[in-house]
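Peer 1: This is entry_20.pdb, which holds PDB, C-alpha atoms:
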```
ATOM      1  CA  MET A   1       2.877  25.406 -47.134  1.00  0.00           C
ATOM      2  CA  GLN A   2       3.541  24.174 -43.639  1.00  0.00           C
ATOM      3  CA  LEU A   3       5.618  21.361 -42.288  1.00  0.00           C
ATOM      4  CA  HIS A   4       5.433  19.716 -38.858  1.00  0.00           C
ATOM      5  CA  LYS A   5       8.233  17.395 -37.751  1.00  0.00           C
ATOM      6  CA  GLN A   6       8.324  15.094 -34.798  1.00  0.00           C
ATOM      7  CA  THR A   7      10.549  12.268 -33.686  1.00  0.00           C
ATOM      8  CA  ILE A   8       8.642   9.291 -32.355  1.00  0.00           C
ATOM      9  CA  THR A   9      10.075   6.452 -30.353  1.00  0.00           C
ATOM     10  CA  THR A  10       8.344   3.129 -30.781  1.00  0.00           C
ATOM     11  CA  THR A  11       9.382  -0.518 -30.923  1.00  0.00           C
ATOM     12  CA  THR A  12       9.564  -3.124 -33.626  1.00  0.00           C
ATOM     13  CA  VAL A  13       6.750  -5.617 -33.929  1.00  0.00           C
ATOM     14  CA  ASP A  14       9.158  -8.425 -33.002  1.00  0.00           C
ATOM     15  CA  SER A  15      10.864  -6.909 -29.947  1.00  0.00           C
ATOM     16  CA  ASP A  16      10.764  -4.184 -27.350  1.00  0.00           C
ATOM     17  CA  VAL A  17      13.897  -2.512 -28.699  1.00  0.00           C
ATOM     18  CA  PRO A  18      13.249   1.240 -29.009  1.00  0.00           C
ATOM     19  CA  VAL A  19      13.329   2.666 -32.522  1.00  0.00           C
ATOM     20  CA  SER A  20      13.169   6.353 -33.434  1.00  0.00           C
ATOM     21  CA  ILE A  21      11.420   7.462 -36.581  1.00  0.00           C
ATOM     22  CA  THR A  22      10.825  10.876 -38.068  1.00  0.00           C
ATOM     23  CA  LEU A  23       7.244  11.781 -38.922  1.00  0.00           C
ATOM     24  CA  ILE A  24       6.814  14.839 -41.119  1.00  0.00           C
ATOM     25  CA  GLU A  25       3.390  16.232 -41.943  1.00  0.00           C
ATOM     26  CA  LEU A  26       3.199  18.327 -45.114  1.00  0.00           C
ATOM     27  CA  ILE A  27       0.319  20.786 -45.382  1.00  0.00           C
ATOM     28  CA  GLY A  28      -0.653  22.734 -48.502  1.00  0.00           C
ATOM     29  CA  ASP A  29       0.576  22.878 -52.080  1.00  0.00           C
ATOM     30  CA  ILE A  30       4.104  21.873 -53.053  1.00  0.00           C
ATOM     31  CA  ASP A  31       5.184  23.964 -56.018  1.00  0.00           C
ATOM     32  CA  GLY A  32       8.198  25.839 -57.354  1.00  0.00           C
ATOM     33  CA  SER A  33       8.147  28.385 -54.556  1.00  0.00           C
ATOM     34  CA  THR A  34       7.624  25.957 -51.657  1.00  0.00           C
ATOM     35  CA  ALA A  35       9.529  22.850 -52.788  1.00  0.00           C
ATOM     36  CA  PRO A  36      13.076  24.181 -52.122  1.00  0.00           C
ATOM     37  CA  LEU A  37      12.147  25.228 -48.580  1.00  0.00           C
ATOM     38  CA  MET A  38      10.406  21.917 -47.945  1.00  0.00           C
ATOM     39  CA  GLN A  39      13.408  19.992 -49.239  1.00  0.00           C
ATOM     40  CA  ALA A  40      15.799  21.888 -46.982  1.00  0.00           C
ATOM     41  CA  ASP A  41      13.598  21.306 -43.929  1.00  0.00           C
ATOM     42  CA  ILE A  42      13.072  17.613 -44.666  1.00  0.00           C
ATOM     43  CA  LEU A  43      16.723  16.907 -45.440  1.00  0.00           C
ATOM     44  CA  ALA A  44      17.786  18.678 -42.242  1.00  0.00           C
ATOM     45  CA  ALA A  45      16.133  15.756 -40.447  1.00  0.00           C
ATOM     46  CA  ALA A  46      17.861  13.107 -42.565  1.00  0.00           C
ATOM     47  CA  ALA A  47      20.458  10.983 -40.821  1.00  0.00           C
ATOM     48  CA  PRO A  48      22.047   7.599 -41.488  1.00  0.00           C
ATOM     49  CA  ASN A  49      19.545   4.741 -41.232  1.00  0.00           C
ATOM     50  CA  ILE A  50      16.607   7.113 -40.727  1.00  0.00           C
ATOM     51  CA  GLN A  51      13.083   5.812 -41.056  1.00  0.00           C
ATOM     52  CA  MET A  52      11.010   8.724 -42.327  1.00  0.00           C
ATOM     53  CA  ILE A  53       7.266   8.934 -42.828  1.00  0.00           C
ATOM     54  CA  LEU A  54       5.972  11.825 -44.939  1.00  0.00           C
ATOM     55  CA  ASN A  55       2.302  12.382 -44.141  1.00  0.00           C
ATOM     56  CA  MET A  56       0.842  13.914 -47.306  1.00  0.00           C
ATOM     57  CA  THR A  57      -2.850  13.656 -46.473  1.00  0.00           C
ATOM     58  CA  GLN A  58      -3.164  17.468 -46.615  1.00  0.00           C
ATOM     59  CA  VAL A  59      -1.230  18.007 -49.854  1.00  0.00           C
ATOM     60  CA  SER A  60      -3.655  18.698 -52.689  1.00  0.00           C
ATOM     61  CA  TYR A  61      -1.198  19.911 -55.359  1.00  0.00           C
ATOM     62  CA  LEU A  62       2.253  18.701 -56.334  1.00  0.00           C
ATOM     63  CA  SER A  63       4.052  20.440 -59.216  1.00  0.00           C
ATOM     64  CA  SER A  64       7.031  19.058 -61.116  1.00  0.00           C
ATOM     65  CA  ALA A  65       9.223  20.895 -58.590  1.00  0.00           C
ATOM     66  CA  GLY A  66       7.435  18.973 -55.844  1.00  0.00           C
ATOM     67  CA  LEU A  67       8.068  15.688 -57.633  1.00  0.00           C
ATOM     68  CA  ARG A  68      11.768  16.572 -57.964  1.00  0.00           C
ATOM     69  CA  MET A  69      11.867  17.480 -54.274  1.00  0.00           C
ATOM     70  CA  LEU A  70      10.417  14.098 -53.271  1.00  0.00           C
ATOM     71  CA  LEU A  71      12.851  12.278 -55.543  1.00  0.00           C
ATOM     72  CA  SER A  72      15.776  14.232 -54.073  1.00  0.00           C
ATOM     73  CA  VAL A  73      14.636  13.368 -50.545  1.00  0.00           C
ATOM     74  CA  TYR A  74      14.314   9.717 -51.536  1.00  0.00           C
ATOM     75  CA  ARG A  75      17.791   9.630 -53.073  1.00  0.00           C
ATOM     76  CA  GLN A  76      19.513  11.346 -50.179  1.00  0.00           C
ATOM     77  CA  VAL A  77      17.771   9.268 -47.506  1.00  0.00           C
ATOM     78  CA  SER A  78      18.376   6.028 -49.445  1.00  0.00           C
ATOM     79  CA  ALA A  79      22.053   6.913 -49.894  1.00  0.00           C
ATOM     80  CA  GLN A  80      22.286   6.897 -46.086  1.00  0.00           C
ATOM     81  CA  SER A  81      20.560   3.478 -45.845  1.00  0.00           C
ATOM     82  CA  GLY A  82      17.300   5.097 -44.748  1.00  0.00           C
ATOM     83  CA  GLN A  83      13.679   4.553 -45.750  1.00  0.00           C
ATOM     84  CA  VAL A  84      10.930   6.956 -46.824  1.00  0.00           C
ATOM     85  CA  VAL A  85       7.231   6.074 -46.667  1.00  0.00           C
ATOM     86  CA  LEU A  86       4.619   8.361 -48.226  1.00  0.00           C
ATOM     87  CA  VAL A  87       1.247   8.364 -46.467  1.00  0.00           C
ATOM     88  CA  GLY A  88      -2.177   9.477 -47.648  1.00  0.00           C
ATOM     89  CA  LEU A  89      -1.504  10.514 -51.227  1.00  0.00           C
ATOM     90  CA  MET A  90      -4.638  11.914 -52.827  1.00  0.00           C
ATOM     91  CA  GLU A  91      -5.754   9.898 -55.851  1.00  0.00           C
ATOM     92  CA  GLU A  92      -4.744  12.603 -58.359  1.00  0.00           C
ATOM     93  CA  LEU A  93      -1.239  12.826 -56.876  1.00  0.00           C
ATOM     94  CA  GLN A  94      -0.881   9.061 -56.810  1.00  0.00           C
ATOM     95  CA  ASP A  95      -2.013   8.850 -60.458  1.00  0.00           C
ATOM     96  CA  THR A  96       0.488  11.535 -61.519  1.00  0.00           C
ATOM     97  CA  MET A  97       3.313   9.835 -59.632  1.00  0.00           C
ATOM     98  CA  THR A  98       2.389   6.476 -61.190  1.00  0.00           C
ATOM     99  CA  VAL A  99       2.292   7.843 -64.763  1.00  0.00           C
ATOM    100  CA  THR A 100       5.634   9.635 -64.341  1.00  0.00           C
ATOM    101  CA  GLY A 101       7.286   6.616 -62.702  1.00  0.00           C
ATOM    102  CA  PHE A 102       8.038   8.464 -59.465  1.00  0.00           C
ATOM    103  CA  LEU A 103       5.834   6.205 -57.358  1.00  0.00           C
ATOM    104  CA  GLU A 104       8.134   3.241 -58.047  1.00  0.00           C
ATOM    105  CA  PHE A 105      10.770   4.796 -55.779  1.00  0.00           C
ATOM    106  CA  PHE A 106       8.555   5.015 -52.715  1.00  0.00           C
ATOM    107  CA  THR A 107       6.814   2.798 -50.262  1.00  0.00           C
ATOM    108  CA  VAL A 108       3.245   4.081 -50.036  1.00  0.00           C
ATOM    109  CA  ALA A 109       0.642   3.630 -47.308  1.00  0.00           C
ATOM    110  CA  ASP A 110      -2.936   4.849 -47.027  1.00  0.00           C
ATOM    111  CA  THR A 111      -2.729   5.496 -43.271  1.00  0.00           C
ATOM    112  CA  LEU A 112      -0.111   6.199 -40.621  1.00  0.00           C
ATOM    113  CA  GLU A 113      -0.879   2.864 -38.997  1.00  0.00           C
ATOM    114  CA  ALA A 114      -0.200   1.099 -42.295  1.00  0.00           C
ATOM    115  CA  ALA A 115       3.079   3.024 -42.670  1.00  0.00           C
ATOM    116  CA  PHE A 116       4.262   1.826 -39.267  1.00  0.00           C
ATOM    117  CA  ALA A 117       3.297  -1.726 -40.210  1.00  0.00           C
ATOM    118  CA  LEU A 118       5.282  -1.482 -43.464  1.00  0.00           C
ATOM    119  CA  LEU A 119       8.316  -0.465 -41.393  1.00  0.00           C
ATOM    120  CA  ASN A 120       7.668  -3.424 -39.041  1.00  0.00           C
ATOM    121  CA  LEU A 121       6.987  -1.012 -36.166  1.00  0.00           C
ATOM    122  CA  LYS A 122       4.253  -0.771 -33.564  1.00  0.00           C
ATOM    123  CA  ALA A 123       2.059   2.236 -34.258  1.00  0.00           C
ATOM    124  CA  PRO A 124       2.098   4.584 -31.276  1.00  0.00           C
ATOM    125  CA  ALA A 125      -0.774   6.812 -30.262  1.00  0.00           C
ATOM    126  CA  LEU A 126      -0.274   9.905 -32.397  1.00  0.00           C
ATOM    127  CA  SER A 127      -1.409  13.467 -31.930  1.00  0.00           C
ATOM    128  CA  GLY A 128      -1.098  16.311 -34.377  1.00  0.00           C
ATOM    129  CA  CYS A 129       0.011  14.327 -37.455  1.00  0.00           C
TER     130      CYS A 129
END
```
Take the structure I supplied and represent it as C-alpha coordinates, if you would.

Peer 2:
Amino acid sequence: MQLHKQTITTTTVDSDVPVSITLIELIGDIDGSTAPLMQADILAAAAPNIQMILNMTQVSYLSSAGLRMLLSVYRQVSAQSGQVVLVGLMEELQDTMTVTGFLEFFTVADTLEAAFALLNLKAPALSGC
(Lines of atoms letter the chains of each structure in order from A and count residues from 1; the text may use other names and numbers.)
(Lines give C-alpha, C1' and ligand atoms only; values in the text may rest on other atoms or scores of the structure.)
Protein backbone atom coordinates (compact mmCIF):
# COMPACT_ATOMS: atom_id res chain seq x y z
CA MET A 1 0.00 0.00 0.00
CA GLN A 2 1.30 3.41 -0.92
CA LEU A 3 0.04 6.88 -0.24
CA HIS A 4 0.96 10.12 -2.02
CA LYS A 5 -0.06 13.44 -0.48
CA GLN A 6 0.06 16.86 -2.01
CA THR A 7 -1.36 20.23 -1.12
CA ILE A 8 -2.84 22.06 -4.07
CA THR A 9 -3.72 25.71 -4.20
CA THR A 10 -6.58 26.61 -6.48
CA THR A 11 -9.46 29.09 -6.45
CA THR A 12 -13.19 28.83 -6.04
CA VAL A 13 -15.36 28.86 -9.12
CA ASP A 14 -16.87 32.17 -8.00
CA SER A 15 -13.72 34.13 -7.11
CA ASP A 16 -9.97 34.28 -7.38
CA VAL A 17 -9.48 33.73 -3.66
CA PRO A 18 -6.80 31.05 -3.16
CA VAL A 19 -7.95 27.83 -1.51
CA SER A 20 -5.70 24.98 -0.38
CA ILE A 21 -6.89 21.41 -0.59
CA THR A 22 -5.22 18.14 0.27
CA LEU A 23 -5.15 15.48 -2.43
CA ILE A 24 -4.21 12.00 -1.26
CA GLU A 25 -3.73 9.15 -3.71
CA LEU A 26 -4.15 5.66 -2.25
CA ILE A 27 -2.49 2.80 -4.11
CA GLY A 28 -3.00 -0.90 -3.41
CA ASP A 29 -5.15 -2.92 -1.04
CA ILE A 30 -6.47 -1.49 2.22
CA ASP A 31 -6.73 -4.28 4.76
CA GLY A 32 -6.08 -5.00 8.42
CA SER A 33 -2.34 -4.58 8.08
CA THR A 34 -2.36 -1.39 5.98
CA ALA A 35 -5.44 0.46 7.28
CA PRO A 36 -3.91 1.67 10.60
CA LEU A 37 -0.87 3.10 8.82
CA MET A 38 -3.04 4.72 6.16
CA GLN A 39 -5.29 6.24 8.82
CA ALA A 40 -2.34 7.72 10.69
CA ASP A 41 -0.88 9.22 7.51
CA ILE A 42 -4.21 10.63 6.32
CA LEU A 43 -5.17 12.09 9.70
CA ALA A 44 -1.74 13.71 10.02
CA ALA A 45 -2.88 15.94 7.15
CA ALA A 46 -6.23 16.77 8.75
CA ALA A 47 -6.70 20.33 9.94
CA PRO A 48 -9.69 22.53 10.72
CA ASN A 49 -11.78 23.29 7.63
CA ILE A 50 -9.70 21.00 5.43
CA GLN A 51 -10.98 20.01 2.02
CA MET A 52 -9.59 16.54 1.34
CA ILE A 53 -9.83 14.46 -1.81
CA LEU A 54 -8.98 10.77 -1.50
CA ASN A 55 -8.12 9.41 -4.94
CA MET A 56 -8.99 5.71 -4.77
CA THR A 57 -8.74 4.84 -8.45
CA GLN A 58 -5.90 2.39 -7.70
CA VAL A 59 -7.52 0.67 -4.70
CA SER A 60 -8.84 -2.73 -5.73
CA TYR A 61 -9.57 -4.21 -2.28
CA LEU A 62 -11.05 -2.69 0.85
CA SER A 63 -11.51 -4.92 3.92
CA SER A 64 -13.72 -4.14 6.90
CA ALA A 65 -10.65 -2.53 8.49
CA GLY A 66 -10.41 -0.28 5.43
CA LEU A 67 -14.07 0.67 5.76
CA ARG A 68 -13.53 1.52 9.44
CA MET A 69 -10.47 3.58 8.50
CA LEU A 70 -12.46 5.62 5.97
CA LEU A 71 -15.26 6.16 8.47
CA SER A 72 -12.76 7.29 11.11
CA VAL A 73 -11.19 9.73 8.65
CA TYR A 74 -14.64 11.04 7.75
CA ARG A 75 -15.62 11.53 11.39
CA GLN A 76 -12.41 13.27 12.40
CA VAL A 77 -12.34 15.57 9.37
CA SER A 78 -16.06 16.38 9.73
CA ALA A 79 -15.59 17.14 13.44
CA GLN A 80 -13.16 19.87 12.33
CA SER A 81 -15.68 21.29 9.80
CA GLY A 82 -13.80 19.70 6.91
CA GLN A 83 -14.93 17.77 3.84
CA VAL A 84 -13.83 14.44 2.36
CA VAL A 85 -14.48 13.47 -1.27
CA LEU A 86 -13.78 9.94 -2.49
CA VAL A 87 -12.72 9.70 -6.14
CA GLY A 88 -12.69 6.76 -8.53
CA LEU A 89 -14.16 3.98 -6.42
CA MET A 90 -14.17 0.71 -8.34
CA GLU A 91 -17.68 -0.67 -8.83
CA GLU A 92 -17.18 -3.54 -6.35
CA LEU A 93 -15.99 -1.14 -3.64
CA GLN A 94 -18.83 1.25 -4.32
CA ASP A 95 -21.35 -1.62 -4.15
CA THR A 96 -19.91 -2.85 -0.83
CA MET A 97 -19.95 0.66 0.63
CA THR A 98 -23.55 1.15 -0.54
CA VAL A 99 -24.78 -2.15 0.95
CA THR A 100 -23.06 -1.47 4.29
CA GLY A 101 -24.30 2.14 4.43
CA PHE A 102 -20.80 3.61 4.48
CA LEU A 103 -21.24 5.43 1.18
CA GLU A 104 -23.91 7.68 2.72
CA PHE A 105 -21.21 9.47 4.72
CA PHE A 106 -19.13 10.50 1.73
CA THR A 107 -19.31 12.73 -1.26
CA VAL A 108 -18.25 10.60 -4.22
CA ALA A 109 -16.91 11.62 -7.63
CA ASP A 110 -15.87 9.56 -10.64
CA THR A 111 -12.97 11.86 -11.57
CA LEU A 112 -10.68 14.40 -9.93
CA GLU A 113 -12.23 17.14 -12.05
CA ALA A 114 -15.68 16.19 -10.77
CA ALA A 115 -14.37 16.22 -7.18
CA PHE A 116 -13.09 19.77 -7.59
CA ALA A 117 -16.44 20.78 -9.06
CA LEU A 118 -18.29 19.25 -6.09
CA LEU A 119 -16.12 21.39 -3.80
CA ASN A 120 -16.91 24.45 -5.96
CA LEU A 121 -13.24 24.73 -6.94
CA LYS A 122 -11.45 25.21 -10.24
CA ALA A 123 -9.62 22.03 -11.19
CA PRO A 124 -5.91 22.73 -11.57
CA ALA A 125 -3.61 20.90 -13.93
CA LEU A 126 -2.58 17.84 -11.94
CA SER A 127 0.43 15.59 -12.20
CA GLY A 128 1.06 12.38 -10.34
CA CYS A 129 -2.40 11.90 -8.79

Peer 1: Out of A:Leu26, A:Gln51, A:Thr34, A:Pro18, which residue has the shortest atom-to-atom distance to Ser78 of chain A when counting only C-alpha atoms?

Peer 2: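 Ranking A:Leu26, A:Gln51, A:Thr34, A:Pro18 by distance to Ser78 of chain A, first place goes to A:Gln51.
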
Peer 1: Which residues are near Phe102 of chain A? Cut-off 8 Å, all atoms listed in the file, ignore same chain within fewer than 4 positions. Put them as a short mmCIF file (atom, residue, chain, number, x, y, z; two decimals) with C-alpha atoms, in the frame of the given file.

Peer 2:
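Wrote selection-v9.cif, looks like this:
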```cif
data_model
loop_
_atom_site.label_atom_id
_atom_site.label_comp_id
_atom_site.auth_asym_id
_atom_site.auth_seq_id
_atom_site.Cartn_x
_atom_site.Cartn_y
_atom_site.Cartn_z
CA LEU A 67 8.07 15.69 -57.63
CA LEU A 71 12.85 12.28 -55.54
CA MET A 97 3.31 9.84 -59.63
CA THR A 98 2.39 6.48 -61.19
CA PHE A 106 8.56 5.01 -52.72
#
```

Peer 1: Between atom CA of Ser63 of chain A and atom CA of Ile21 of chain A, what is the spacing in Å?

Peer 2: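 Between atom CA of Ile21 of chain A and atom CA of Ser63 of chain A the gap is 27.1 Å.
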
Peer 1: Can you list, as number ranges by chain, the residues that the PyMOL selection byres ((chain A and resi 28) around 9) selects here?

Peer 2: A: 1-3, 26-27, 29-30, 58-61

Peer 1: Just checking: using only C-alpha atoms, which residue out of A:Ser72, A:Gln94, A:Gln80, A:Thr12 ends up closest to Asn120 of chain A?

Peer 2: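 Nearest to Asn120 of chain A: A:Thr12.
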
Peer 1: What does the distance between atom CA of Gln76 of chain A and atom CA of Leu89 of chain A come to in Å, to one decimal place?

Peer 2: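 Interatomic distance here is 21.1 Å.
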
Peer 1: Return as a list in words the set of residues that the PyMOL selection byres ((chain A and resi 37) around 12) yields on the displayed structure.

Peer 2: Met1, Gln2, Leu3, Leu26, Ile30, Asp31, Gly32, Ser33, Thr34, Ala35, Pro36, Met38, Gln39, Ala40, Asp41, Ile42, Leu43, Ala44, Ala65, Gly66 and Met69 of chain A

Peer 1: To verify the selection step, state as a PDB file with C-alpha atoms, in the frame of the given file which residues the PyMOL selection byres ((chain A and resi 25) around 6) yields on this input.

Peer 2:
```pdb
ATOM      1  CA  LEU A   3       5.618  21.361 -42.288  1.00  0.00           C
ATOM      2  CA  HIS A   4       5.433  19.716 -38.858  1.00  0.00           C
ATOM      3  CA  ILE A  24       6.814  14.839 -41.119  1.00  0.00           C
ATOM      4  CA  LEU A  26       3.199  18.327 -45.114  1.00  0.00           C
ATOM      5  CA  LEU A  54       5.972  11.825 -44.939  1.00  0.00           C
ATOM      6  CA  ASN A  55       2.302  12.382 -44.141  1.00  0.00           C
ATOM      7  CA  CYS A 129       0.011  14.327 -37.455  1.00  0.00           C
TER       8      CYS A 129
END
```

Peer 1: Could you list, as a list in words, every residue within 12 Å of Ile50 of chain A, counting only C-alpha atoms and ignoring same-chain residues fewer than 5 positions away?

Peer 2: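 Near neighbours after the sequence-gap exclusion: Thr7, Ile8, Val19, Ser20, Ile21, Thr22, Leu23, Ile42, Leu43, Ala44, Ala45, Val73, Tyr74, Gln76, Val77, Ser78, Ala79, Gln80, Ser81, Gly82, Gln83, Val84, Val85 and Leu119 of chain A.
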
Peer 1: With 10 Å as the threshold, what does the neighbourhood of (2.1, 1.5, -50.2) contain in terms of residues, counting all atoms listed in the file? Coordinates are those of the file; answer as a PyMOL selection string.

Peer 2: chain A and resi 85-89+103+106-111+114-115+118

Peer 1: Please indicate the distance in Å from atom CA of Thr100 of chain A to atom CA of Pro48 of chain A, rounded to one decimal place.

Peer 2: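 Between atom CA of Thr100 of chain A and atom CA of Pro48 of chain A the gap works out to 28.2 Å.
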
Peer 1: Using only C-alpha atoms for the distances, tell me which of A:Ala125, A:Leu62, A:Asn49, A:Arg68 is nearest to Met90 of chain A.

Peer 2: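 Among the listed residues, A:Leu62 lies closest to Met90 of chain A.
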
Peer 1: Closest to Phe105 of chain A among A:Leu70, A:Ala123, A:Val17, A:Glu91, using all atoms listed in the file?

Peer 2: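 Nearest candidate to Phe105 of chain A out of A:Leu70, A:Ala123, A:Val17, A:Glu91: A:Leu70.
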